[in-house]
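J.: This one is final-v7.txt, compact mmCIF, C-alpha atoms.
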```txt
# COMPACT_ATOMS: atom_id res chain seq x y z
CA MET H 13 -23.39 52.83 -159.87
CA LYS H 14 -22.96 49.16 -159.01
CA SER H 15 -26.01 46.99 -159.73
CA ASP H 16 -27.30 44.42 -157.24
CA LYS H 17 -28.69 42.33 -160.08
CA LYS H 18 -27.04 39.01 -160.83
CA ASP H 19 -24.87 38.74 -163.94
CA ILE H 20 -26.86 36.43 -166.20
CA ARG H 21 -23.71 34.87 -167.59
CA ALA H 22 -23.04 33.27 -164.21
CA LEU H 23 -26.01 30.96 -164.89
CA THR H 24 -25.71 27.61 -166.63
CA LYS H 25 -28.03 26.74 -169.48
CA GLU H 26 -30.02 24.52 -167.13
CA GLN H 27 -30.41 27.37 -164.64
CA LEU H 28 -31.60 29.66 -167.42
CA ARG H 29 -34.16 27.07 -168.50
CA ASP H 30 -35.35 26.71 -164.89
CA PHE H 31 -35.63 30.48 -164.55
CA PHE H 32 -37.97 30.76 -167.51
CA VAL H 33 -40.12 27.90 -166.20
CA SER H 34 -40.32 29.71 -162.84
CA GLN H 35 -41.63 32.76 -164.74
CA GLY H 36 -44.36 30.71 -166.41
CA ASP H 37 -42.56 30.60 -169.76
CA LYS H 38 -41.20 27.75 -171.88
CA SER H 39 -37.85 26.22 -170.94
CA PHE H 40 -36.49 26.59 -174.49
CA ARG H 41 -36.31 30.36 -173.92
CA GLY H 42 -33.30 29.56 -171.76
CA ASN H 43 -31.63 27.92 -174.76
CA GLN H 44 -32.29 31.03 -176.86
CA VAL H 45 -30.80 33.36 -174.26
CA TYR H 46 -27.79 31.08 -173.75
CA GLU H 47 -27.12 31.18 -177.49
CA TRP H 48 -27.30 34.98 -177.52
CA LEU H 49 -24.91 35.22 -174.58
CA TRP H 50 -22.23 32.82 -175.70
CA GLN H 51 -22.46 32.02 -179.42
CA LYS H 52 -23.55 35.50 -180.52
CA SER H 53 -21.79 37.39 -177.70
CA ALA H 54 -24.73 39.73 -177.09
CA TYR H 55 -23.93 42.58 -174.70
CA SER H 56 -27.51 43.71 -174.17
CA PHE H 57 -30.94 42.12 -173.76
CA GLU H 58 -32.26 44.52 -176.40
CA ALA H 59 -30.05 42.75 -178.98
CA MET H 60 -31.92 39.46 -178.41
CA THR H 61 -34.32 40.11 -181.26
CA ASN H 62 -36.05 36.73 -181.34
CA LEU H 63 -37.42 37.39 -177.82
CA SER H 64 -40.53 39.46 -177.25
CA LYS H 65 -40.21 42.97 -175.83
CA GLU H 66 -41.91 41.74 -172.64
CA THR H 67 -39.35 38.95 -172.24
CA ARG H 68 -36.45 41.31 -172.81
CA LYS H 69 -37.91 43.71 -170.24
CA MET H 70 -38.28 40.86 -167.75
CA LEU H 71 -34.60 39.92 -168.24
CA GLU H 72 -33.58 43.57 -167.84
CA ASP H 73 -35.50 43.73 -164.56
CA ASN H 74 -33.77 40.66 -163.16
CA PHE H 75 -30.25 40.53 -164.58
CA VAL H 76 -27.28 42.45 -165.95
CA ILE H 77 -24.64 41.56 -168.53
CA ASN H 78 -21.33 42.76 -167.05
CA HIS H 79 -19.53 42.97 -170.37
CA ILE H 80 -16.07 44.44 -170.84
CA LYS H 81 -15.36 47.70 -172.66
CA VAL H 82 -12.23 48.31 -174.74
CA ASP H 83 -11.23 51.70 -173.34
CA LEU H 84 -8.22 52.17 -175.55
CA MET H 85 -6.93 50.27 -178.57
CA GLN H 86 -3.33 50.89 -179.62
CA ARG H 87 -1.74 49.65 -182.84
CA SER H 88 1.98 48.95 -183.06
CA ASN H 89 4.19 49.66 -186.07
CA ASP H 90 4.42 45.86 -186.56
CA GLY H 91 0.62 45.39 -186.58
CA THR H 92 0.26 44.23 -182.99
CA ILE H 93 -2.86 45.56 -181.24
CA LYS H 94 -3.14 46.18 -177.49
CA ASN H 95 -6.49 46.61 -175.77
CA ALA H 96 -6.95 48.34 -172.44
CA VAL H 97 -10.02 46.50 -171.18
CA ARG H 98 -12.25 48.13 -168.56
CA LEU H 99 -14.22 45.73 -166.37
CA HIS H 100 -17.63 46.35 -164.84
CA ASP H 101 -16.05 47.48 -161.54
CA ASP H 102 -13.75 49.96 -163.34
CA LEU H 103 -10.61 47.85 -162.95
CA VAL H 104 -8.48 47.53 -166.10
CA VAL H 105 -6.57 44.66 -167.68
CA GLU H 106 -4.78 44.40 -171.01
CA SER H 107 -4.95 41.93 -173.87
CA VAL H 108 -3.02 41.74 -177.12
CA LEU H 109 -3.59 40.64 -180.72
CA ILE H 110 -0.41 39.34 -182.36
CA PRO H 111 -0.62 38.94 -186.15
CA THR H 112 1.64 36.96 -188.49
CA LYS H 113 1.25 36.10 -192.17
CA THR H 114 -0.55 32.85 -191.34
CA ARG H 115 -2.28 33.39 -188.00
CA THR H 116 -3.59 35.83 -185.43
CA THR H 117 -3.04 35.07 -181.76
CA ALA H 118 -4.87 36.49 -178.75
CA CYS H 119 -2.80 37.00 -175.61
CA VAL H 120 -5.34 37.27 -172.79
CA SER H 121 -5.22 38.14 -169.10
CA SER H 122 -6.55 36.00 -166.26
CA GLN H 123 -6.09 38.25 -163.21
CA VAL H 124 -6.15 41.97 -162.40
CA GLY H 125 -2.50 42.28 -161.44
CA CYS H 126 -0.65 39.08 -160.57
CA SER H 127 -0.34 36.62 -157.69
CA LEU H 128 3.38 36.06 -158.22
CA ASP H 129 6.51 38.19 -157.90
CA CYS H 130 8.75 37.82 -160.96
CA LYS H 131 11.20 40.70 -160.78
CA PHE H 132 11.51 41.16 -164.55
CA CYS H 133 7.79 41.51 -165.24
CA ALA H 134 5.86 44.79 -165.14
CA THR H 135 2.58 43.05 -164.26
CA ALA H 136 4.17 41.56 -161.12
CA ARG H 137 4.63 45.10 -159.79
CA LEU H 138 0.87 45.53 -159.70
CA LYS H 139 -1.02 44.36 -156.66
CA ARG H 140 -3.26 41.39 -157.44
CA MET H 141 -6.73 42.83 -157.00
CA ARG H 142 -8.91 39.95 -158.12
CA ASN H 143 -9.36 37.03 -160.46
CA LEU H 144 -11.15 37.55 -163.75
CA ASN H 145 -14.51 35.85 -164.19
CA PRO H 146 -14.96 33.35 -167.05
CA ASP H 147 -17.05 35.83 -169.05
CA GLU H 148 -14.38 38.54 -168.69
CA ILE H 149 -11.77 36.18 -170.14
CA TYR H 150 -14.20 35.15 -172.87
CA ASP H 151 -14.98 38.77 -173.74
CA GLN H 152 -11.28 39.52 -174.32
CA VAL H 153 -11.19 36.72 -176.90
CA VAL H 154 -14.38 37.95 -178.60
CA ALA H 155 -12.97 41.50 -178.84
CA ILE H 156 -9.72 40.27 -180.38
CA ASP H 157 -11.56 37.93 -182.76
CA ASN H 158 -13.59 40.93 -183.98
CA GLU H 159 -10.40 42.97 -184.44
CA SER H 160 -8.74 40.09 -186.28
CA LYS H 161 -11.63 39.94 -188.74
CA LEU H 162 -11.75 43.73 -189.10
CA TYR H 163 -8.05 44.44 -189.57
CA PHE H 164 -6.66 41.17 -190.95
CA GLY H 165 -9.65 39.62 -192.72
CA ARG H 166 -9.57 36.33 -190.84
CA ARG H 167 -10.79 34.78 -187.62
CA LEU H 168 -8.62 34.46 -184.58
CA SER H 169 -6.56 31.28 -184.88
CA ASN H 170 -4.80 30.87 -181.52
CA ILE H 171 -5.08 31.90 -177.87
CA VAL H 172 -2.33 32.12 -175.27
CA PHE H 173 -2.91 32.77 -171.58
CA MET H 174 0.24 34.87 -171.28
CA GLY H 175 -1.27 38.23 -170.39
CA MET H 176 -1.66 39.70 -166.92
CA GLY H 177 -1.86 37.23 -164.05
CA GLU H 178 -0.96 33.61 -163.27
CA PRO H 179 -3.64 31.43 -164.94
CA LEU H 180 -3.20 28.50 -162.55
CA MET H 181 -3.98 30.80 -159.62
CA ASN H 182 -7.38 31.35 -161.25
CA TYR H 183 -7.73 27.77 -162.40
CA ASN H 184 -11.48 27.18 -162.15
CA ASN H 185 -12.43 30.38 -163.98
CA VAL H 186 -9.80 29.81 -166.68
CA LEU H 187 -11.15 26.31 -167.29
CA LYS H 188 -14.74 27.59 -167.45
CA ALA H 189 -13.69 30.26 -169.95
CA ILE H 190 -11.85 27.71 -172.12
CA ASP H 191 -14.91 25.45 -171.98
CA LYS H 192 -17.04 28.29 -173.38
CA ILE H 193 -14.40 29.22 -175.98
CA THR H 194 -14.11 25.64 -177.26
CA SER H 195 -17.77 24.66 -177.01
CA ASP H 196 -19.91 24.40 -180.14
CA GLU H 197 -22.35 26.57 -178.16
CA GLY H 198 -19.62 29.18 -177.74
CA LEU H 199 -16.80 30.13 -180.12
CA GLY H 200 -16.10 26.57 -181.26
CA MET H 201 -12.29 26.87 -181.20
CA SER H 202 -10.12 23.78 -180.95
CA PRO H 203 -8.43 23.35 -177.53
CA LYS H 204 -5.27 22.40 -179.43
CA ARG H 205 -5.06 26.07 -180.47
CA ILE H 206 -5.01 27.24 -176.84
CA THR H 207 -1.89 27.43 -174.66
CA VAL H 208 -1.95 28.10 -170.93
CA SER H 209 1.34 29.54 -169.71
CA THR H 210 2.32 29.20 -166.07
CA SER H 211 5.29 30.32 -164.03
CA GLY H 212 5.09 26.90 -162.40
CA VAL H 213 2.57 25.88 -159.73
CA PRO H 214 3.27 22.14 -159.27
CA LYS H 215 0.03 21.22 -157.50
CA MET H 216 -2.07 22.82 -160.24
CA ILE H 217 -0.04 21.26 -163.07
CA ARG H 218 -0.83 17.87 -161.56
CA LYS H 219 -4.50 18.84 -161.32
CA MET H 220 -4.51 19.83 -164.99
CA ALA H 221 -3.19 16.39 -165.85
CA ASP H 222 -5.81 14.69 -163.66
CA ASP H 223 -8.53 16.80 -165.29
CA GLU H 224 -7.35 15.57 -168.71
CA VAL H 225 -7.31 19.04 -170.24
CA LYS H 226 -6.86 19.18 -174.01
CA PHE H 227 -5.08 22.53 -174.31
CA LYS H 228 -1.30 22.97 -174.42
CA LEU H 229 1.00 23.77 -171.52
CA ALA H 230 3.84 26.30 -171.48
CA VAL H 231 6.14 26.99 -168.54
CA SER H 232 7.96 30.30 -167.97
CA LEU H 233 11.23 28.79 -166.76
CA HIS H 234 14.07 31.32 -167.33
CA SER H 235 16.57 29.29 -165.30
CA ALA H 236 17.06 25.63 -164.44
CA ILE H 237 19.35 26.49 -161.52
CA ASP H 238 17.42 26.95 -158.26
CA GLU H 239 19.49 29.83 -156.81
CA VAL H 240 19.33 31.80 -160.05
CA ARG H 241 15.61 31.17 -160.58
CA THR H 242 14.80 32.17 -157.00
CA SER H 243 16.77 35.41 -157.41
CA ILE H 244 14.56 36.48 -160.35
CA MET H 245 11.35 34.58 -159.47
CA PRO H 246 11.26 34.57 -155.63
CA PHE H 247 8.26 32.21 -155.41
CA ASN H 248 10.67 29.50 -156.66
CA ALA H 249 11.82 29.20 -153.05
CA LYS H 250 8.40 27.64 -152.35
CA PHE H 251 7.72 25.98 -155.72
CA THR H 252 11.22 24.56 -156.32
CA LEU H 253 12.56 23.28 -159.61
CA ALA H 254 12.52 19.73 -158.25
CA ASP H 255 8.81 20.04 -157.44
CA LEU H 256 8.13 21.69 -160.79
CA ARG H 257 9.95 18.98 -162.70
CA SER H 258 8.14 16.25 -160.78
CA SER H 259 4.79 17.79 -161.70
CA LEU H 260 5.84 18.06 -165.35
CA VAL H 261 6.90 14.40 -165.38
CA TYR H 262 3.42 13.61 -164.05
CA TRP H 263 1.86 15.86 -166.72
CA TYR H 264 3.70 14.11 -169.52
CA GLU H 265 2.98 10.61 -168.22
CA LYS H 266 -0.75 11.42 -168.08
CA THR H 267 -1.12 13.47 -171.28
CA LYS H 268 1.79 12.53 -173.57
CA SER H 269 1.69 16.21 -174.55
CA ARG H 270 4.90 18.07 -175.44
CA ILE H 271 5.91 20.81 -173.01
CA THR H 272 6.93 24.29 -174.15
CA TYR H 273 9.39 26.30 -172.06
CA GLU H 274 9.50 30.09 -172.27
CA TYR H 275 13.00 31.32 -171.54
CA VAL H 276 14.59 34.78 -171.52
CA VAL H 277 18.39 35.06 -171.52
CA TRP H 278 19.69 38.06 -169.55
CA LYS H 279 23.18 39.51 -169.48
CA GLY H 280 25.04 38.51 -166.32
CA ILE H 281 22.20 36.34 -164.99
CA ASN H 282 21.75 33.20 -167.10
CA ASP H 283 23.95 33.80 -170.16
CA THR H 284 26.51 31.04 -169.54
CA GLN H 285 27.23 27.56 -170.87
CA GLU H 286 26.50 26.21 -167.39
CA ALA H 287 23.00 27.71 -167.53
CA ALA H 288 22.38 26.24 -170.98
CA ASN H 289 23.57 22.79 -169.81
CA ALA H 290 21.22 22.97 -166.81
CA LEU H 291 18.31 23.75 -169.13
CA VAL H 292 19.09 20.67 -171.22
CA ASP H 293 19.23 18.51 -168.09
CA PHE H 294 15.86 19.88 -166.95
CA CYS H 295 14.17 19.34 -170.33
CA ARG H 296 15.39 15.94 -171.39
CA PHE H 297 12.81 13.79 -169.51
CA ALA H 298 10.09 14.47 -172.11
CA PRO H 299 9.62 15.86 -175.63
CA SER H 300 9.86 19.62 -175.32
CA LYS H 301 10.31 22.88 -177.15
CA VAL H 302 12.20 25.93 -175.87
CA ASN H 303 11.19 29.43 -176.95
CA LEU H 304 14.09 31.81 -176.37
CA ILE H 305 12.38 35.18 -175.93
CA GLU H 306 13.84 38.62 -176.51
CA TYR H 307 13.74 40.62 -173.28
CA ASN H 308 11.51 43.67 -173.11
CA PRO H 309 12.76 46.36 -170.70
CA ILE H 310 10.44 47.69 -167.97
CA ASP H 311 12.15 50.98 -167.09
CA ASP H 312 14.95 49.74 -164.85
CA GLY H 313 18.52 48.60 -165.32
CA ASP H 314 18.49 45.35 -163.37
CA PHE H 315 17.75 43.20 -166.41
CA LYS H 316 19.49 43.58 -169.77
CA GLN H 317 19.05 41.54 -172.94
CA ALA H 318 21.96 39.12 -173.42
CA PRO H 319 24.03 39.49 -176.60
CA ASP H 320 23.35 37.29 -179.61
CA SER H 321 26.44 35.24 -178.79
CA ALA H 322 24.81 34.09 -175.53
CA ILE H 323 21.57 33.23 -177.37
CA GLN H 324 23.63 31.18 -179.81
CA ILE H 325 25.16 29.21 -176.93
CA TYR H 326 21.65 28.12 -175.98
CA VAL H 327 20.62 27.37 -179.56
CA ASN H 328 23.71 25.24 -180.19
CA THR H 329 23.47 23.40 -176.87
CA LEU H 330 19.76 22.61 -177.21
CA GLU H 331 20.00 21.52 -180.86
CA ARG H 332 23.04 19.36 -180.12
CA ASN H 333 20.90 17.54 -177.53
CA GLY H 334 17.91 17.07 -179.84
CA ILE H 335 15.68 19.70 -178.19
CA THR H 336 13.60 21.91 -180.48
CA VAL H 337 14.42 25.58 -180.04
CA THR H 338 13.11 28.80 -181.57
CA VAL H 339 14.25 32.38 -181.05
CA ARG H 340 11.18 34.58 -180.68
CA ARG H 341 11.52 38.26 -181.43
CA SER H 342 9.23 40.57 -179.52
CA ARG H 343 6.15 42.19 -181.02
CA GLY H 344 4.48 45.44 -179.99
CA LYS H 345 7.35 46.87 -177.95
CA ASP H 346 6.57 50.43 -179.06
CA ILE H 347 3.15 50.24 -177.33
CA ASP H 348 4.33 48.23 -174.28
CA ALA H 349 2.48 45.17 -175.57
CA ALA H 350 5.36 42.70 -175.54
CA CYS H 351 5.95 39.86 -173.06
CA GLY H 352 6.36 41.17 -169.52
CA GLN H 353 5.33 44.74 -170.35
CA LEU H 354 1.60 44.67 -169.56
CA ALA H 355 1.08 47.11 -166.70
CA ASN H 356 -1.91 49.30 -167.61
CA LYS H 357 0.28 52.15 -168.84
CA GLN H 358 -1.76 54.34 -171.19
```
Write the structure described by the file as structure tokens, please.
T.:
Amino acid sequence: MKSDKKDIRALTKEQLRDFFVSQGDKSFRGNQVYEWLWQKSAYSFEAMTNLSKETRKMLEDNFVINHIKVDLMQRSNDGTIKNAVRLHDDLVVESVLIPTKTRTTACVSSQVGCSLDCKFCATARLKRMRNLNPDEIYDQVVAIDNESKLYFGRRLSNIVFMGMGEPLMNYNNVLKAIDKITSDEGLGMSPKRITVSTSGVPKMIRKMADDEVKFKLAVSLHSAIDEVRTSIMPFNAKFTLADLRSSLVYWYEKTKSRITYEYVVWKGINDTQEAANALVDFCRFAPSKVNLIEYNPIDDGDFKQAPDSAIQIYVNTLERNGITVTVRRSRGKDIDAACGQLANKQ
């Protein structure tokens, strides 16, 4: 049954302090509750043991904590973990823990479904139902941090916004979540360890630059030829490559931060020397890195992984032009946890 009480995590620290004053209590109680909510990630008022029973009862009467619940955790043969995360309104998103020998990375979702229409992505086939709130994004990170410590004996080291949804279409909530994640009053992670991946929303990339964000930017590009990109990412007809590049030029001029491009090579779509040359032309305005990503099938035959020879064309062409390139093999394919596969299949 849905509660009419306000989620307490929607309040700022100042609002919490004011609330306690309005109840005839000391303002510092607000600081204590804020610490429980964000630094200690408390999911119940009962857990706030340095508050009196009367105070905890008063909070229970006035507020709720709409925390997430990991409905199902799946572990891949390669160690990858996928969480099916149930939200307070019974909607479900997915998040992923990706381990290596030196780090553990959280891949988190920002929307239920997705606002965009990439034809190769399973999430894009889901209707976008709503944006995630800052606390719902934060909770995904906390859950994965706990799993990282439990299964790999170390804290979470990196976060990528590459799960379900387009982060820049939920910009304000994503920024609020990152603020909590990086704050000393939250998880205290460095923003340099956070990457926000976008399919390319030029207006919002410019806004990120104006807001002087400290996290890293990645762009899911997949083609630097307009007709090809529009055929696989139809929103490119509105957000053209020229507009995207202009916004990235602006980003680099303001931030001096290297841009990462995510790029899948498909058989018969973008597996030619011409396509590789176009990518070089698109990238060369600023220091950049290209991640060539192995394609993960989503139950249809329209998209097929290009052969290694086509991947090598890209590697050779990019390296010859002084552009850093890595070939990234997929993780968690056996549990549908790899890039483009998140679709709430359980």
J.: H:Asn74, H:Asn62, H:Asn185, H:Ser169: which is nearest Ser202 of chain H, counting all atoms listed in the file?
T.: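 When distances to Ser202 of chain H are compared using all atoms listed in the file, the smallest one comes from H:Ser169.
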J.: Kindly provide, as a PyMOL selection string, the polymer residues lying within 12 Å of (-34.0, 26.0, -168.7), counting only C-alpha atoms and using the coordinates exactly as they appear in the file.
T.: chain H and resi 23-46
J.: Set the distance at 8 Å and use only C-alpha atoms: which residues neighbour Val277 of chain H once local chain neighbours fewer than 2 positions away are removed? I'd like the list as a PyMOL selection string.
T.: chain H and resi 234+275+279+281-283+304-307+317-318+322-323
J.: I want to know what sits within 12 Å of Ser243 of chain H, based on all atoms listed in the file, with residues of the same chain fewer than 6 positions away left out; could you give that as a ChimeraX atom specification?
T.: /H:129-132,234-235,237,249,281-282,314-315
J.: At a cut-off of 12 Å from (-18.9, 31.0, -177.7) in the coordinates of the file, what residues are picked up using only C-alpha atoms, written as JSON, numbers by chain?
T.: {"H": [21, 46, 47, 48, 49, 50, 51, 52, 53, 54, 146, 147, 149, 150, 151, 152, 153, 154, 157, 188, 189, 190, 191, 192, 193, 194, 195, 196, 197, 198, 199, 200, 201, 202]}
J.: Would you kindly return, as a PyMOL selection string, each protein, DNA or RNA residue with an atom no farther than 10 Å from any atom of segment 210-223 of chain H, considering all atoms listed in the file and excluding same-chain residues fewer than 3 positions away?
T.: chain H and resi 128+130+173-174+177-181+183+187+207+226-227+229-234+245+247-248+250-269+273-274
J.: I'd like the box whose edges run along x, y and z of the file and which contains every listed atom of segment 167-180 of chain H, padded by 8 Å per side; could you state its centre and edge lengths in Å, one decimal, as JSON?
T.:
```
{"center_x": -5.3, "center_y": 34.1, "center_z": -175.1, "size_x": 27.0, "size_y": 27.2, "size_z": 41.1}
```
J.: To one decimal place, how far is atom CA of Ser122 of chain H from atom CA of Asp19 of chain H in Å?
T.: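 Here the two named atoms are 18.7 Å from each other.
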J.: Pick out the closest residue to Ile77 of chain H from this set: H:Leu103, H:Cys133, H:Met141, H:Ala22. Count all atoms listed in the file.
T.: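 The answer is H:Ala22, which sits nearest to Ile77 of chain H.
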J.: Please determine, counting only C-alpha atoms, which residue among H:Glu224, H:Asp102, H:Glu58, H:Glu286 has the shortest atom-to-atom distance to Val82 of chain H.
T.: H:Asp102
